[in-house]
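K.L.:
Structure file work.txt (compact mmCIF, C-alpha atoms and all ligand atoms) right here:
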```txt
# COMPACT_ATOMS: atom_id res chain seq x y z
CA MET A 767 3.93 14.43 -1.89
CA ARG A 768 1.75 17.47 -1.31
CA VAL A 769 -1.58 18.22 0.32
CA ASP A 770 -3.05 21.55 -0.70
CA GLY A 771 0.42 22.38 -2.02
CA ARG A 772 2.24 21.62 1.24
CA PRO A 773 4.80 18.74 1.52
CA GLN A 774 3.36 15.86 3.52
CA ARG A 775 4.40 12.36 4.56
CA THR A 776 1.98 9.79 5.94
CA ILE A 777 3.83 9.36 9.24
CA TRP A 778 6.09 11.72 11.18
CA LEU A 779 7.42 12.63 14.60
CA GLU A 780 5.45 15.36 16.31
CA PRO A 781 7.29 18.57 17.32
CA ASP A 782 7.75 17.19 20.87
CA GLY A 783 10.09 14.61 19.32
CA TRP A 784 8.39 11.48 20.68
CA ALA A 785 4.70 11.21 19.73
CA VAL A 786 3.93 9.98 16.24
CA GLY A 787 1.66 11.78 13.77
CA ILE A 788 -0.42 10.02 11.14
CA ILE A 789 -3.19 10.90 8.71
CA ASP A 790 -6.50 9.27 9.66
CA GLN A 791 -7.18 7.65 6.29
CA THR A 792 -10.64 6.51 7.37
CA ARG A 793 -11.65 10.19 7.15
CA LEU A 794 -10.46 10.70 3.56
CA PRO A 795 -11.46 11.89 1.05
CA HIS A 796 -14.00 14.00 2.91
CA ASP A 797 -11.81 15.34 5.72
CA PHE A 798 -8.04 15.66 6.13
CA VAL A 799 -7.49 14.85 9.80
CA THR A 800 -4.24 14.01 11.56
CA VAL A 801 -3.98 11.88 14.70
CA ARG A 802 -1.35 11.77 17.43
CA LEU A 803 -0.17 8.32 18.60
CA GLU A 804 1.31 8.18 22.11
CA THR A 805 1.23 4.48 22.96
CA VAL A 806 1.88 1.16 21.30
CA GLU A 807 -1.79 0.30 21.84
CA GLN A 808 -2.79 3.38 19.82
CA ALA A 809 -0.36 2.36 17.06
CA ALA A 810 -1.88 -1.13 17.00
CA HIS A 811 -5.38 0.33 16.85
CA ALA A 812 -4.36 2.63 13.97
CA ILE A 813 -3.17 -0.37 11.95
CA ARG A 814 -6.03 -2.73 12.88
CA ASP A 815 -8.78 -0.19 12.21
CA MET A 816 -7.00 1.08 9.08
CA LEU A 817 -6.37 4.69 10.05
CA VAL A 818 -3.11 3.73 8.36
CA ARG A 819 -3.03 1.02 5.73
CA GLY A 820 -1.00 -0.14 2.76
CA ALA A 821 1.77 -2.66 3.30
CA PRO A 822 4.78 -0.29 3.65
CA LEU A 823 2.94 2.16 5.91
CA ILE A 824 1.70 -0.68 8.13
CA GLY A 825 5.36 -1.67 8.61
CA ALA A 826 6.48 1.90 9.30
CA THR A 827 3.69 2.43 11.85
CA ALA A 828 4.57 -0.82 13.61
CA ALA A 829 8.20 0.32 13.82
CA TYR A 830 7.14 3.54 15.54
CA GLY A 831 4.76 1.51 17.71
CA MET A 832 7.79 -0.38 19.01
CA ALA A 833 9.53 2.95 19.69
CA LEU A 834 6.52 4.18 21.69
CA ALA A 835 6.54 0.93 23.68
CA MET A 836 10.26 1.27 24.43
CA ARG A 837 9.78 4.86 25.55
CA SER A 838 7.29 3.78 28.19
CA ASP A 839 9.15 0.63 29.30
CA PRO A 840 12.29 -0.74 27.62
CA SER A 841 12.15 -4.13 29.36
CA ASN A 842 12.43 -7.51 27.60
CA ASP A 843 8.83 -8.24 28.56
CA THR A 844 7.53 -5.10 26.86
CA LEU A 845 9.69 -5.75 23.82
CA ALA A 846 8.06 -9.17 23.43
CA THR A 847 4.53 -7.96 24.25
CA ALA A 848 4.69 -5.00 21.86
CA HIS A 849 6.00 -7.26 19.10
CA ARG A 850 3.14 -9.73 19.66
CA LEU A 851 0.49 -7.02 19.83
CA LEU A 852 1.62 -5.31 16.61
CA LEU A 853 2.21 -8.53 14.66
CA ALA A 854 -1.40 -9.59 15.33
CA THR A 855 -2.94 -6.41 13.89
CA ARG A 856 -3.17 -7.46 10.24
CA PRO A 857 -2.16 -10.81 8.77
CA THR A 858 -1.44 -10.38 5.07
CA ALA A 859 1.07 -7.56 4.53
CA VAL A 860 4.46 -9.13 5.16
CA ASN A 861 6.05 -5.69 5.61
CA LEU A 862 4.60 -5.78 9.13
CA ARG A 863 6.59 -8.89 10.05
CA TRP A 864 9.65 -7.51 8.25
CA ALA A 865 9.60 -4.17 10.10
CA LEU A 866 9.08 -5.84 13.47
CA GLU A 867 11.97 -8.22 12.83
CA GLU A 868 14.16 -5.24 11.91
CA MET A 869 13.19 -3.58 15.17
CA LEU A 870 13.87 -6.71 17.24
CA ALA A 871 17.26 -7.16 15.57
CA ALA A 872 18.17 -3.54 16.36
CA LEU A 873 16.92 -3.59 19.94
CA GLY A 874 17.14 -7.13 21.29
CA THR A 875 20.84 -7.11 22.17
CA LEU A 876 20.92 -3.56 23.56
CA PRO A 877 20.80 -2.82 27.29
CA PRO A 878 17.26 -1.55 28.08
CA PRO A 879 18.30 2.08 28.82
CA GLN A 880 19.56 2.42 25.25
CA ARG A 881 16.50 0.93 23.58
CA ALA A 882 14.14 3.88 23.26
CA ALA A 883 16.64 6.10 21.42
CA ALA A 884 17.71 3.21 19.20
CA ALA A 885 14.07 2.35 18.44
CA TYR A 886 13.24 5.89 17.31
CA ALA A 887 16.39 5.97 15.18
CA LYS A 888 15.56 2.61 13.56
CA ALA A 889 11.93 3.57 12.91
CA ALA A 890 13.08 6.81 11.25
CA GLU A 891 15.56 4.81 9.16
CA ILE A 892 12.80 2.42 8.04
CA CYS A 893 10.68 5.40 6.99
CA ASP A 894 13.49 7.17 5.12
CA GLN A 895 14.43 3.91 3.43
CA ASP A 896 10.83 3.43 2.30
CA VAL A 897 10.81 6.87 0.72
CA ALA A 898 14.05 6.20 -1.16
CA ILE A 899 12.83 2.75 -2.28
CA CYS A 900 9.52 4.08 -3.54
CA GLU A 901 11.17 6.91 -5.44
CA ALA A 902 13.49 4.38 -7.11
CA ILE A 903 10.45 2.25 -8.03
CA GLY A 904 9.01 5.38 -9.60
CA ASP A 905 12.14 5.90 -11.72
CA HIS A 906 12.20 2.28 -12.92
CA GLY A 907 8.45 2.27 -13.52
CA LEU A 908 8.75 5.48 -15.53
CA GLU A 909 10.94 3.62 -18.02
CA VAL A 910 8.25 0.92 -18.36
CA PHE A 911 5.61 3.60 -18.93
CA ARG A 912 7.82 5.38 -21.45
CA GLN A 913 8.30 2.19 -23.47
CA VAL A 914 4.56 1.55 -23.64
CA TRP A 915 3.91 5.15 -24.59
CA GLN A 916 6.58 5.13 -27.30
CA ALA A 917 5.20 1.83 -28.65
CA LYS A 918 1.90 3.67 -28.88
CA GLY A 919 3.61 6.22 -31.10
CA GLY A 920 3.72 8.92 -28.43
CA ALA A 921 -0.08 9.04 -28.29
CA ASP A 922 -1.89 11.88 -26.55
CA ARG A 923 -3.04 9.62 -23.72
CA LEU A 924 -1.38 6.77 -21.81
CA ASN A 925 -4.17 4.88 -20.07
CA VAL A 926 -3.13 3.16 -16.86
CA LEU A 927 -5.47 1.05 -14.74
CA THR A 928 -4.80 0.58 -11.02
CA HIS A 929 -6.56 -1.22 -8.20
CA CYS A 930 -6.87 -0.28 -4.53
CA ASN A 931 -4.52 2.41 -3.25
CA ALA A 932 -0.82 1.84 -3.77
CA GLY A 933 0.02 5.52 -3.75
CA TRP A 934 1.85 7.67 -1.25
CA LEU A 935 -0.91 7.12 1.31
CA ALA A 936 -0.01 3.42 1.35
CA THR A 937 3.68 4.11 1.95
CA VAL A 938 5.64 6.83 3.74
CA ASP A 939 5.83 8.85 0.52
CA TRP A 940 5.65 8.42 -3.28
CA GLY A 941 3.76 5.08 -3.26
CA THR A 942 4.59 1.93 -5.17
CA ALA A 943 2.21 1.56 -8.15
CA LEU A 944 1.52 5.29 -8.23
CA ALA A 945 5.18 6.37 -7.97
CA PRO A 946 5.68 5.77 -11.73
CA VAL A 947 2.41 7.58 -12.38
CA TYR A 948 3.68 10.67 -10.54
CA LYS A 949 7.08 10.42 -12.23
CA ALA A 950 5.44 10.04 -15.65
CA HIS A 951 3.06 12.94 -15.08
CA ASP A 952 5.91 15.16 -13.88
CA ALA A 953 8.00 14.13 -16.91
CA GLY A 954 5.25 15.30 -19.25
CA LEU A 955 3.82 11.94 -20.31
CA PRO A 956 0.08 12.31 -20.88
CA VAL A 957 -0.87 9.75 -18.25
CA HIS A 958 -4.51 9.12 -17.38
CA VAL A 959 -5.46 6.68 -14.62
CA TRP A 960 -8.52 4.42 -14.49
CA VAL A 961 -9.12 4.12 -10.74
CA ASP A 962 -10.91 0.96 -9.61
CA GLU A 963 -13.20 1.95 -6.76
CA THR A 964 -12.07 -1.20 -4.85
CA ARG A 965 -15.04 -2.39 -2.86
CA PRO A 966 -15.68 -2.88 -0.06
CA ARG A 967 -13.51 -0.20 1.56
CA ASN A 968 -13.17 1.89 -1.59
CA GLN A 969 -9.48 2.67 -1.29
CA GLY A 970 -9.50 3.54 -5.00
CA ALA A 971 -12.53 5.81 -4.97
CA GLY A 972 -11.60 7.47 -1.68
CA LEU A 973 -7.81 7.49 -1.50
CA THR A 974 -6.30 6.99 -4.96
CA ALA A 975 -8.68 9.50 -6.53
CA TRP A 976 -7.90 12.00 -3.76
CA GLU A 977 -4.14 11.57 -4.14
CA LEU A 978 -4.23 11.90 -7.90
CA GLN A 979 -6.43 14.97 -7.64
CA GLN A 980 -4.01 16.58 -5.16
CA HIS A 981 -1.18 16.07 -7.66
CA GLY A 982 -3.22 17.11 -10.68
CA VAL A 983 -3.04 13.74 -12.44
CA PRO A 984 -5.97 13.14 -14.85
CA HIS A 985 -8.02 10.17 -13.65
CA THR A 986 -11.44 8.56 -13.84
CA VAL A 987 -13.02 6.46 -11.09
CA ILE A 988 -14.68 3.26 -12.32
CA VAL A 989 -16.58 0.53 -10.53
CA ASP A 990 -14.63 -2.65 -10.05
CA ASN A 991 -16.24 -4.57 -12.88
CA VAL A 992 -15.46 -2.08 -15.67
CA GLY A 993 -11.78 -2.91 -16.24
CA GLY A 994 -12.38 -5.96 -18.43
CA HIS A 995 -14.69 -4.00 -20.72
CA LEU A 996 -12.18 -1.16 -21.05
CA MET A 997 -9.43 -3.62 -21.90
CA GLN A 998 -11.58 -5.25 -24.62
CA ARG A 999 -12.09 -1.79 -26.14
CA GLY A 1000 -8.36 -0.99 -26.17
CA LEU A 1001 -8.75 1.69 -23.52
CA VAL A 1002 -6.12 0.36 -21.11
CA ASP A 1003 -2.45 0.48 -22.13
CA LEU A 1004 -1.12 -1.08 -18.96
CA CYS A 1005 -2.22 -2.15 -15.49
CA ILE A 1006 -0.11 -1.53 -12.42
CA THR A 1007 -0.85 -2.51 -8.83
CA GLY A 1008 0.95 -2.81 -5.53
CA THR A 1009 1.21 -5.95 -3.43
CA ASP A 1010 1.02 -6.94 0.22
CA ARG A 1011 3.14 -10.05 -0.14
CA THR A 1012 4.98 -11.44 -3.12
CA THR A 1013 6.37 -14.96 -2.87
CA ALA A 1014 9.91 -15.84 -3.87
CA ASN A 1015 8.59 -17.29 -7.13
CA GLY A 1016 6.62 -14.15 -8.03
CA ASP A 1017 3.02 -14.89 -6.98
CA VAL A 1018 1.41 -11.60 -5.98
CA CYS A 1019 -1.00 -11.23 -3.08
CA ASN A 1020 -2.84 -7.92 -3.25
CA LYS A 1021 -6.22 -6.32 -2.59
CA ILE A 1022 -9.21 -8.50 -3.44
CA GLY A 1023 -10.07 -8.21 -7.13
CA THR A 1024 -6.48 -7.87 -8.35
CA TYR A 1025 -6.58 -11.45 -9.68
CA LEU A 1026 -9.64 -10.74 -11.84
CA LYS A 1027 -7.92 -7.69 -13.34
CA ALA A 1028 -4.85 -9.76 -14.11
CA LEU A 1029 -7.01 -12.41 -15.82
CA ALA A 1030 -8.72 -9.77 -17.94
CA ALA A 1031 -5.37 -8.19 -18.79
CA HIS A 1032 -3.97 -11.57 -19.84
CA ASP A 1033 -7.00 -12.28 -22.04
CA ASN A 1034 -6.60 -8.91 -23.75
CA SER A 1035 -2.77 -8.85 -24.02
CA VAL A 1036 -2.58 -5.81 -21.73
CA PRO A 1037 0.66 -5.69 -19.68
CA PHE A 1038 0.03 -6.26 -15.97
CA HIS A 1039 2.86 -4.89 -13.81
CA VAL A 1040 3.27 -5.05 -10.06
CA ALA A 1041 5.35 -2.49 -8.15
CA LEU A 1042 6.91 -3.53 -4.88
CA PRO A 1043 9.57 -2.59 -2.38
CA SER A 1044 11.84 -5.51 -1.43
CA PRO A 1045 10.44 -5.74 2.14
CA THR A 1046 7.20 -6.96 0.50
CA ILE A 1047 8.92 -10.12 -0.78
CA ASP A 1048 8.33 -13.13 1.42
CA TRP A 1049 11.44 -15.19 0.70
CA THR A 1050 10.11 -18.00 2.93
CA LEU A 1051 7.20 -18.76 0.57
CA THR A 1052 7.37 -20.29 -2.84
CA GLY A 1053 4.92 -22.15 -5.04
CA ASP A 1054 2.03 -22.51 -2.57
CA PRO A 1055 -0.37 -19.56 -2.79
CA ALA A 1056 -2.54 -21.12 -0.06
CA ALA A 1057 0.30 -20.50 2.40
CA ILE A 1058 -0.37 -16.76 2.32
CA PRO A 1059 -2.72 -15.73 5.13
CA ILE A 1060 -5.73 -13.94 3.63
CA GLU A 1061 -7.33 -11.40 5.94
CA GLN A 1062 -11.10 -11.65 6.41
CA ARG A 1063 -12.62 -8.50 7.77
CA ASP A 1064 -15.91 -7.47 9.33
CA ALA A 1065 -18.95 -8.21 7.15
CA ALA A 1066 -20.21 -4.69 7.93
CA GLU A 1067 -17.64 -3.36 5.42
CA VAL A 1068 -19.66 -5.18 2.74
CA THR A 1069 -23.19 -4.62 4.03
CA ASP A 1070 -22.72 -0.91 4.80
CA ILE A 1071 -21.26 2.05 2.97
CA ALA A 1072 -20.22 5.53 4.12
CA GLY A 1073 -20.42 8.77 2.17
CA ARG A 1074 -20.94 12.50 2.44
CA THR A 1075 -24.44 13.88 2.37
CA GLU A 1076 -25.32 17.06 0.50
CA ASP A 1077 -25.32 19.03 3.74
CA GLY A 1078 -21.77 17.90 4.53
CA ARG A 1079 -22.32 15.11 7.06
CA VAL A 1080 -20.50 11.79 6.60
CA GLU A 1081 -22.99 8.98 7.16
CA THR A 1082 -23.05 5.22 6.96
CA VAL A 1083 -25.99 3.48 5.35
CA ARG A 1084 -26.91 -0.16 4.84
CA LEU A 1085 -26.78 -1.63 1.30
CA THR A 1086 -27.99 -5.17 1.83
CA PRO A 1087 -31.18 -6.62 3.32
CA ALA A 1088 -30.93 -6.91 7.10
CA GLY A 1089 -30.09 -10.53 7.83
CA SER A 1090 -28.30 -11.36 4.54
CA PRO A 1091 -24.92 -12.77 5.47
CA ALA A 1092 -21.85 -11.23 3.82
CA ALA A 1093 -18.26 -12.45 3.41
CA ASN A 1094 -15.32 -10.08 3.35
CA TYR A 1095 -12.11 -11.55 1.92
CA ALA A 1096 -9.64 -8.69 1.76
CA PHE A 1097 -6.91 -10.08 -0.52
CA ASP A 1098 -6.35 -12.56 -3.34
CA VAL A 1099 -3.35 -14.12 -5.03
CA THR A 1100 -2.46 -13.47 -8.66
CA PRO A 1101 -0.30 -16.30 -10.01
CA ALA A 1102 3.10 -15.22 -11.30
CA ARG A 1103 2.23 -16.39 -14.83
CA LEU A 1104 -0.26 -13.50 -15.12
CA VAL A 1105 2.27 -10.84 -14.06
CA SER A 1106 4.25 -9.13 -16.84
CA SER A 1107 6.95 -7.77 -14.57
CA LEU A 1108 7.79 -6.94 -10.99
CA ILE A 1109 9.08 -3.38 -10.58
CA THR A 1110 11.35 -3.02 -7.55
CA GLU A 1111 13.80 -0.46 -6.26
CA ARG A 1112 16.56 -2.33 -8.08
CA GLY A 1113 14.77 -2.44 -11.42
CA SER A 1114 12.24 -4.66 -13.18
CA CYS A 1115 12.33 -8.42 -13.52
CA PRO A 1116 10.12 -11.26 -14.69
CA ALA A 1117 7.79 -12.61 -11.99
CA THR A 1118 9.88 -15.70 -11.47
CA ARG A 1119 12.18 -17.12 -8.85
CA ASP A 1120 15.17 -16.44 -11.12
CA GLY A 1121 13.97 -12.92 -11.86
CA LEU A 1122 13.76 -11.97 -8.19
CA ALA A 1123 16.93 -13.87 -7.30
CA GLY A 1124 18.75 -11.95 -10.04
CA LEU A 1125 17.81 -8.63 -8.46
CA PHE A 1126 18.28 -9.74 -4.85
CA PRO A 1127 21.00 -12.41 -4.90
CA GLU A 1128 21.78 -11.86 -1.22
CA GLN A 1129 18.21 -12.87 -0.25
CA ALA A 1130 17.56 -15.79 -2.55
CA ALA A 1131 18.22 -19.23 -1.10
CA PRO A 1132 20.93 -21.19 -2.96
O1 LIG B 1 -6.25 -3.20 2.94
P1 LIG B 1 -5.25 -2.18 2.51
O2 LIG B 1 -5.83 -0.87 2.17
O3 LIG B 1 -4.11 -2.08 3.50
O4 LIG B 1 -4.65 -2.80 1.17
C1 LIG B 1 -3.63 -2.11 0.49
C2 LIG B 1 -3.25 -2.79 -0.77
O5 LIG B 1 -3.80 -3.80 -1.14
C3 LIG B 1 -2.11 -2.19 -1.53
O6 LIG B 1 -2.25 -2.47 -2.90
C4 LIG B 1 -0.80 -2.83 -1.04
O7 LIG B 1 -0.67 -2.70 0.34
C5 LIG B 1 0.38 -2.28 -1.71
S1 LIG B 1 0.62 -0.64 -1.17
C6 LIG B 1 1.97 0.07 -1.64
```
Could you write out this file's structure as structure tokens?
P.N.:
Amino acid sequence: MRVDGRPQRTIWLEPDGWAVGIIDQTRLPHDFVTVRLETVEQAAHAIRDMLVRGAPLIGATAAYGMALAMRSDPSNDTLATAHRLLLATRPTAVNLRWALEEMLAALGTLPPPQRAAAAYAKAAEICDQDVAICEAIGDHGLEVFRQVWQAKGGADRLNVLTHCNAGWLATVDWGTALAPVYKAHDAGLPVHVWVDETRPRNQGAGLTAWELQQHGVPHTVIVDNVGGHLMQRGLVDLCITGTDRTTANGDVCNKIGTYLKALAAHDNSVPFHVALPSPTIDWTLTGDPAAIPIEQRDAAEVTDIAGRTEDGRVETVRLTPAGSPAANYAFDVTPARLVSSLITERGSCPATRDGLAGLFPEQAAP
């Protein structure tokens, strides 16, 4: 996508050909700052402290983290240590495990002197593949949007509600849930996005709103509790979110609050779609939502909030009384029965075991 009109991915190789560039997403929307990663420890820090975030981008950054590790020492010990370090950074997004397994499969059998070059090549492949997958999700999602819009008689506004940030900032480019939004906007559909602010880290208010603004997509930021009201008033035509892990039977784990939106959508007969690249499917899990590890983060993300002051400084202030405990569950699971369809790079399907198996027969267990 574009930043100030210039093409931009979320992760890239620096001109020296070995260091890795990322956007520091903790600085958005107030400042656009890029960071150079030179070590696997820096890559792990970038994932853990959410300079990069979003399931596909977490995977892509981990892949480059392995490449940085191999550049400094291609031994078996470092391969295992780097894998362990990166895998421990964030627990919920299964793309992390997937990308690391891809890297191990590509590197494990190679003689150490060949590993660094192979690791960079594999990481670049994972990134390019993510871009192609997300663009395909956009094309399939566009058809879903078009159908809803046509059913609405080609109305002058197609109201889409999204939660968290599942745009290009969460992937290498295009995004998952926002890829159809960009495709629809570019195709001339009058799309307008209700952007859930997504407390506590405000990925909607800070990142989704920024992305949409950069692309010129009409949008309105709302606090997290507004969606149900808008749906009751007929002001939401469809919901679309991303996911950090979708089980083989179609249960969707995504940013905390997604489940409540899906419940409200179900109660109001609003379609609730989930966009996902196939590396987000955890084929090992089925039927037991409690088996998905739910990240719990620092309570300070709930008790404190950061923002820009009128004189341009970015400051953090406390919201809650000193001493009040806070809990910070970062994800929840939306049962498959509340999901209207899963939109993947191979097309849309019902959120069922058979639906996913139909699109990915080579992955589904017999
Ligand atoms: O905690 P985050 O910001 O990494 O959470 C991101 C999400 O929940 C996204 O919806 C999900 O990763 C899908 S992104 C394409």
K.L.:
May I have the residues within 8 Å of ligand LIG 1 (chain B), computed using all atoms listed in the file, as a PyMOL selection string?
P.N.:
chain A and resi 816+818-824+859+929-934+936-937+941-943+967+969+1007-1010+1020-1022+1041-1042+1096-1097
K.L.:
Return as JSON the box centre and box size in Å, one decimal, for an axis-aligned box around all listed atoms of stretch 997-1002 of chain A padded by 6 Å per side.
P.N.:
```
{"center_x": -9.1, "center_y": -1.8, "center_z": -23.6, "size_x": 18.0, "size_y": 18.9, "size_z": 17.1}
```
K.L.:
So which one's closest to A:Asn842, A:His981, A:Lys949, A:Arg881, A:Arg1074? Using all atoms listed in the file, please.
P.N.:
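Smallest distance to A:Asn842 is found for A:Arg881.
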K.L.:
Given the choices A:Asp797, A:Glu868, A:Glu807, A:Glu1061, which gets closest to A:Thr847 if the distance is worked out from all atoms listed in the file?
P.N.:
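Once distances to A:Thr847 are computed over all atoms listed in the file, the minimum belongs to A:Glu807.
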K.L.:
Between A:Glu867, A:Asp962, A:Glu1111, A:Asp815, single out the one closest to A:Asp1064, counting all atoms listed in the file.
P.N.:
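Using all atoms listed in the file, A:Asp1064 sits closest to A:Asp815.
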K.L.:
So which residues touch A:Val989 within 8 Å, counting all atoms listed in the file, skipping near sequence neighbours fewer than 3 positions away, as a PyMOL selection string?
P.N.:
chain A and resi 962-964+992
K.L.:
For A:His1039, work out the shell of residues within 12 Å, counting only C-alpha atoms and skipping chain neighbours fewer than 6 positions away, then give it as a PyMOL selection string.
P.N.:
chain A and resi 903+906-907+910-911+914+926-929+942-944+946+1003-1009+1016+1018+1024+1027-1028+1031-1032+1100+1102-1110+1114-1117
